[in-house]
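Everything on this sheet refers to the single structure shown next.
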Amino acid sequence: MYRINKNINLILISLMFLGALSLTYGFFQGRMHLTESEISKVISDHITENKVKINMNTDSIHHDNSNYSENKSHHKHNIHSSHEVSQEQLDLIKYVENYFKIKFTNSEKIHAKNLEHIIHITEHALHAKSQRPWSSLLTATLLFFGASLLTIFFLALQYVAEVGWSVILKRVFMAIGSFLPYSAIFLLIIFTTSHFHLFGNHTYHWMAEGIMNPESNNYDKIIAGKEAYLNFPFFILRFLIFFLVWIFLFNKLKNLSLEEDLKGGNNYYFSSRKFSAIFIVFLGVSSSMLSWDWIMSIDTHWFSTLFGWYVTSSMFVTAMLMILFFTMHLKNNGYLEHVNTSHIHDIGKFIFGFSIFWTYLWFAQFLLIWYANIPEEVTYYMARFDDYKIPFFTAFVLNFLFPILLLVSRYSKRIPGFLTFVSVFILLGHYLDFFVMIMPGTVGSHWNIGIVEVGTFLGMGGLFTKVILNSLSKINLVPKNHPMIEESKNFHI
Amino acid sequence: MDYKTIYGIYNDDDTLLSAVKKIRGEGISISEVYSPFPIHGLDKALGLKDTRLAVTAFLYGLTGLSLGLLMMWYMNIQSWPMNIGGKPSFSLLQNLPSFIPVAFECTVFFAAHLMVITYLMRCKLYPGSSNKSPDPRTTDNMFLMEIIVKADEKKIYKLLEQTGAVEVNEKV
């Protein structure tokens with residue numbers, strides 16, 4: 001039986017506290033939910049007080065909040081229609097930045113030619129600011145949720161493929177899977193607040209008010225065409241069905257394994273295999289759909305047919321990293337004495353192999369869009385290349401070059417310390433991968449990896465670790481009557 | 001070649017594996033083992049050095065990668081400049097994404113084929129090469145251990161019989 005070390009417990013609780021604190025800080029920072037007219041009033045007051053001369057020419061701009069491509073095009077249009085930015089205008093921009101505690105990007109400053117534009121970008125920046133904690137929460141939740149879900153997949157895979165080597169690690173898989181309900185709570189909070197636009201949550205553009213209503217200013221014909229799939233009741237229904245089925249099947253597998261410990265016999269193994277097969281088939285569908293629902297629908301206009309696999313491969317690598325971390329933690333603390341270099345080597349192979357698989361999908365998605373060069377598709381990558389170059393390519397380096405250069409050799413996978421060291425970087429790489437999937441569509445160019453993002457990541461990681469260590473301390477670490485337990489204990493390659 | 005060569009023939013792979021361990025434990029070196037199938041753990045028991053084939057595979061892969069890129073550069077940039085994906089940039093670096101699949105295939109092609117060829121060369125296997133096994137039964141149901149006698153011949157005989165050899169022959 002595993003017992004949590006007091007110091008580790010303290011560290012985890014303080015991490016969770018830190019996460020909650022930084023999230024609160026993020027909400028505090030983004031507390032200003034002003035409408036356009038309120039912003040306009042503040043700025044006009046300043047102008048009349050200080051007699052600022054500014055180009056009041058209001059060649060009207062379409063009110064469109066978060067569609068990147070259309071913003072882009074009207075910025076371009078304005079380069080031609082207005083003249084140079086004067087010193088007074090720059091001073092005004094500076095005043096606005098200081099007043100609302102926001103920061104404009106350089107391209108925004110250059111393109112802010114008239115008053116309406118300044119109001120417009122101010123609204124954008126404030127919007128992004130209140131959105132930031134939500135986006136970071138979603139990123140961190142999805143990262144750890146994915147690790148948990150795909151670990152259950154890996155567990156199911158062991159039954160379906162009748163694998164012997166991993167049997168002594170089975171309880172580690174089960175412990176990691178137990179984070180699933182917790183992530184459901186966080187996701188549910190994010191989805192419902194986004195639907196009701198509470199606390200500045202505007203994660204999903206298609207949930208915006210009136211976007212499907214032809215009479216509204218917000219009406220978007222393309223998004224309205226997706227109403228049959230992208231509507232809140234169906235969205236939540238899918239969410240609930242997914243989680244209920246996953247949790248039901250996972251608990252079934254868990255209970256069968258625990259009963260097997262007590263009673264023995266091969267029947268538990270055979271029925272576990274049946275439930276595993278159902279789980280894998282269900283996950284085949286639900287993993288793609290969850291990627292469309294929870295991530296791809298952020299960039300509502302855009303779609304990619306292999307997005308589901310791409311997200312799932314990212315989640316699978318994260319799952320293998322978590323399996324490695326918890327196995328190493330247990331091993332280093334004197335548990336799981338039968339785990340040897342060969343087991344670690346096999347986990348390393350999965351990390352290596354699926355990192356390459358991730359790269360394949362990452363690149364395949366990019367190549368087709370890059371080659372076809374269709375405007376409605378390339379907007380996705382335009383946003384990432386313009387504003388997210390650093391995290392976008394860092395994710396590539398960490399998720400592809402690190403594993404292929406450092407883990408390709410047999411020896412490096414057989415040194416647990418080295419493998420763990422590389423794995424930490426791969427984990428960061430996959431965080432950045434999710435970051436680059438979620439941020440551009442929600443906060444646009446106003447992203448940052450600051451207190452909010454790091455704190456939320458650490459906090460969620462703390463909660464994840466705490467849940468798993470708690471779960472580990474409740475079950476036998478090694479299954480007793482599994483038919484292939486001896487093979488696993490004597491595994492060597 | 002003044003040394004005598006002895007063949008110990010076994011009929012079970014587990015017996016052979018433990019025999020190899022025992023005989024090597026006695027300080028007698030085994031020059032070769034012939035088996036109809038690969039035996040798990042035998043290379044370690046025989047004290048064979050790890051294969052360097054992986055290193056060559058990496059180098060062959062790099063060769064394939066560079067040759068693939070060179071080929072694409074010559075065909076699509078140098079000799080017949082192509083407008084790739086509606087981006088008439090005519091530079092290798094800017095068109096790199098579209099060359100990656102070809103470069104990847106070349107990497108795999110070179111690594112795989114050259115690795116097989118290297119392996120066959122190292123094993124001296126080529127069309128028309130002669131059979132190296134001293135006993136044809138090693139391709140069927142027997143395992144053969146070849147020892148070149150450098151020290152006590154009687155001890156080797158005894159050891160081979162003790163460890164379960166069904167037959168002990170001398171090289172004619």
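Residues in the structure tokens are named by chain (A, B, ... in the order shown) and by number from 1 within that chain; ligands are numbered from 1 in the order shown.
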
Report task. Would you please give, as number ranges by chain, all residues of segment 1-150 of chain B that DSSP assigns to alpha helix (DSSP H) based on the backbone? Result -> B: 13-25, 42-46, 53-72, 96-122

Query raised in the report: What are the residues of chain B that have an atom within 9 Å of an atom of chain A, counting only C-alpha atoms, as a PyMOL selection string?
Result: chain B and resi 40-41+54-55+84-87+97-98

Could you write those residues out with C-alpha atoms, as an mmCIF file, in the first residue's frame?
data_model
loop_
_atom_site.group_PDB
_atom_site.id
_atom_site.type_symbol
_atom_site.label_atom_id
_atom_site.label_comp_id
_atom_site.auth_asym_id
_atom_site.auth_seq_id
_atom_site.Cartn_x
_atom_site.Cartn_y
_atom_site.Cartn_z
ATOM 1 C CA HIS B 40 15.647 -14.871 -26.410
ATOM 2 C CA GLY B 41 18.580 -13.932 -24.211
ATOM 3 C CA ALA B 54 21.365 0.956 -35.447
ATOM 4 C CA VAL B 55 24.178 3.478 -35.883
ATOM 5 C CA ILE B 84 4.360 25.089 -55.554
ATOM 6 C CA GLY B 85 1.018 25.490 -53.797
ATOM 7 C CA GLY B 86 0.395 28.859 -55.454
ATOM 8 C CA LYS B 87 3.555 30.275 -53.881
ATOM 9 C CA PRO B 97 6.843 21.589 -46.393
ATOM 10 C CA SER B 98 6.026 20.094 -49.766
#

Query - Atom pair atom CA of Ile298 of chain A / atom CA of Thr312 of chain A: separation (Å) - result: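 The value is 17.1 Å.
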
Query - Shell around Pro81 of chain B at 12 Å using only C-alpha atoms, local window under 5 positions removed, as a list in words - result: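 The filter keeps Met72, Trp73, Tyr74, Met75, Asn76, Lys87, Pro88, Ser89, Phe90, Ser91, Leu92 and Asn95 of chain B.
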
Take the selection from the previous step and output its residues with all heavy atoms, as a short mmCIF file (atom, residue, chain, number, x, y, z; two decimals), in the first residue's frame.
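Okay, this is what ended up in out_14.cif:
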data_model
loop_
_atom_site.label_atom_id
_atom_site.label_comp_id
_atom_site.auth_asym_id
_atom_site.auth_seq_id
_atom_site.Cartn_x
_atom_site.Cartn_y
_atom_site.Cartn_z
N MET B 72 14.89 16.89 -54.77
CA MET B 72 13.76 17.81 -54.91
C MET B 72 14.24 19.21 -55.29
O MET B 72 13.61 19.90 -56.08
CB MET B 72 12.95 17.88 -53.61
CG MET B 72 12.26 16.62 -53.23
SD MET B 72 11.46 15.78 -54.60
CE MET B 72 10.05 16.81 -54.84
N TRP B 73 15.37 19.60 -54.71
CA TRP B 73 15.93 20.91 -55.03
C TRP B 73 16.28 20.96 -56.51
O TRP B 73 15.93 21.91 -57.21
CB TRP B 73 17.17 21.19 -54.18
CG TRP B 73 17.94 22.39 -54.63
CD1 TRP B 73 17.65 23.69 -54.38
CD2 TRP B 73 19.11 22.40 -55.44
NE1 TRP B 73 18.55 24.51 -54.99
CE2 TRP B 73 19.46 23.75 -55.65
CE3 TRP B 73 19.91 21.40 -56.02
CZ2 TRP B 73 20.57 24.13 -56.41
CZ3 TRP B 73 21.00 21.78 -56.77
CH2 TRP B 73 21.32 23.14 -56.95
N TYR B 74 16.92 19.90 -57.00
CA TYR B 74 17.34 19.92 -58.41
C TYR B 74 16.12 19.91 -59.32
O TYR B 74 16.03 20.68 -60.28
CB TYR B 74 18.26 18.72 -58.72
CG TYR B 74 18.65 18.72 -60.18
CD1 TYR B 74 19.56 19.65 -60.65
CD2 TYR B 74 18.06 17.83 -61.07
CE1 TYR B 74 19.88 19.70 -61.99
CE2 TYR B 74 18.38 17.87 -62.42
CZ TYR B 74 19.30 18.81 -62.87
OH TYR B 74 19.61 18.87 -64.20
N MET B 75 15.15 19.05 -59.01
CA MET B 75 14.02 18.88 -59.93
C MET B 75 13.06 20.06 -59.91
O MET B 75 12.60 20.51 -60.95
CB MET B 75 13.26 17.59 -59.60
CG MET B 75 14.11 16.37 -59.86
SD MET B 75 13.23 14.81 -59.93
CE MET B 75 12.18 14.87 -58.56
N ASN B 76 12.75 20.56 -58.70
CA ASN B 76 11.67 21.56 -58.60
C ASN B 76 12.15 22.99 -58.41
O ASN B 76 11.35 23.92 -58.48
CB ASN B 76 10.72 21.21 -57.45
CG ASN B 76 9.84 20.05 -57.83
OD1 ASN B 76 9.72 19.70 -59.00
ND2 ASN B 76 9.21 19.45 -56.83
N LYS B 87 2.58 29.38 -54.51
CA LYS B 87 3.56 30.27 -53.88
C LYS B 87 4.82 30.26 -54.72
O LYS B 87 5.72 29.46 -54.48
CB LYS B 87 3.86 29.82 -52.46
CG LYS B 87 2.65 29.71 -51.58
CD LYS B 87 3.01 29.01 -50.28
CE LYS B 87 1.79 28.65 -49.48
NZ LYS B 87 0.93 27.64 -50.11
N PRO B 88 4.91 31.11 -55.72
CA PRO B 88 6.07 31.06 -56.62
C PRO B 88 7.31 31.65 -55.97
O PRO B 88 7.79 32.70 -56.38
CB PRO B 88 5.62 31.87 -57.83
CG PRO B 88 4.54 32.76 -57.31
CD PRO B 88 3.96 32.16 -56.09
N SER B 89 7.83 30.99 -54.96
CA SER B 89 8.98 31.55 -54.24
C SER B 89 10.29 30.99 -54.79
O SER B 89 11.33 31.62 -54.66
CB SER B 89 8.87 31.23 -52.76
OG SER B 89 8.78 29.84 -52.60
N PHE B 90 10.25 29.81 -55.38
CA PHE B 90 11.44 29.19 -56.00
C PHE B 90 12.61 29.11 -55.03
O PHE B 90 13.74 29.37 -55.39
CB PHE B 90 11.83 29.93 -57.28
CG PHE B 90 10.67 30.12 -58.20
CD1 PHE B 90 10.21 31.37 -58.53
CD2 PHE B 90 10.01 29.01 -58.72
CE1 PHE B 90 9.11 31.53 -59.36
CE2 PHE B 90 8.91 29.16 -59.55
CZ PHE B 90 8.46 30.42 -59.88
N SER B 91 12.30 28.79 -53.77
CA SER B 91 13.41 28.59 -52.82
C SER B 91 13.16 27.30 -52.07
O SER B 91 12.00 26.94 -51.80
CB SER B 91 13.51 29.77 -51.86
OG SER B 91 12.91 29.45 -50.63
N LEU B 92 14.23 26.61 -51.78
CA LEU B 92 14.09 25.31 -51.13
C LEU B 92 13.48 25.47 -49.74
O LEU B 92 12.58 24.74 -49.35
CB LEU B 92 15.46 24.64 -51.01
CG LEU B 92 15.44 23.28 -50.30
CD1 LEU B 92 14.82 22.22 -51.18
CD2 LEU B 92 16.83 22.86 -49.89
N ASN B 95 9.73 26.34 -49.70
CA ASN B 95 8.88 25.27 -50.18
C ASN B 95 9.11 23.97 -49.43
O ASN B 95 8.62 22.93 -49.83
CB ASN B 95 9.13 25.04 -51.67
CG ASN B 95 8.55 26.15 -52.50
OD1 ASN B 95 7.49 26.67 -52.18
ND2 ASN B 95 9.25 26.55 -53.53
#

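Around segment 2-15 of chain B, within 8 Å and counting only C-alpha atoms, the residues found are Ile39, Asn141, Met142, Phe143, Leu144, Met145, Glu146, Ile147, Ile148, Val149, Lys150, Leu160, Thr163, Gly164, Ala165, Val166, Glu167, Val168, Asn169, Glu170 and Lys171 of chain B, once anything fewer than 6 positions away on its own chain is removed.
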
Report task. Give me the residues within 8 Å of segment 179-194 of chain A as a ChimeraX atom specification, counting only C-alpha atoms and dropping any in the same chain fewer than 5 places off. Result -> /A:134,138,141-142,144-145,148-149,199,201-204,207,243,247,464,467-468

Query raised in the report: By how many Å are atom CA of His343 of chain A and atom CA of Lys413 of chain A apart?
Result: 10.3 Å

Report task. Take atom CA of Gly164 of chain A and atom CA of Lys480 of chain A and report the distance between them in Å, one decimal. Result -> 13.9 Å

Query raised in the report: If we count only C-alpha atoms, what is near Val96 of chain A at a cut-off of 8 Å, once residues fewer than 4 positions away on the same chain are taken out, given as a PyMOL selection string?
Result: chain A and resi 43+92+100-102+122

Query - Test item: residues at most 12 Å from Leu59 of chain B, only C-alpha atoms, excluding those fewer than 2 positions along its chain, as JSON, numbers by chain - result: {"B": [52, 53, 54, 55, 56, 57, 61, 62, 63, 64, 65, 66, 107, 108, 110, 111, 112, 114, 115]}

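With only C-alpha atoms as the atoms that count, the minimum distance from Ile4 of chain A to the choices A:Met484, A:Asn333, A:Ala383, A:Ile404 is reached by A:Asn333.
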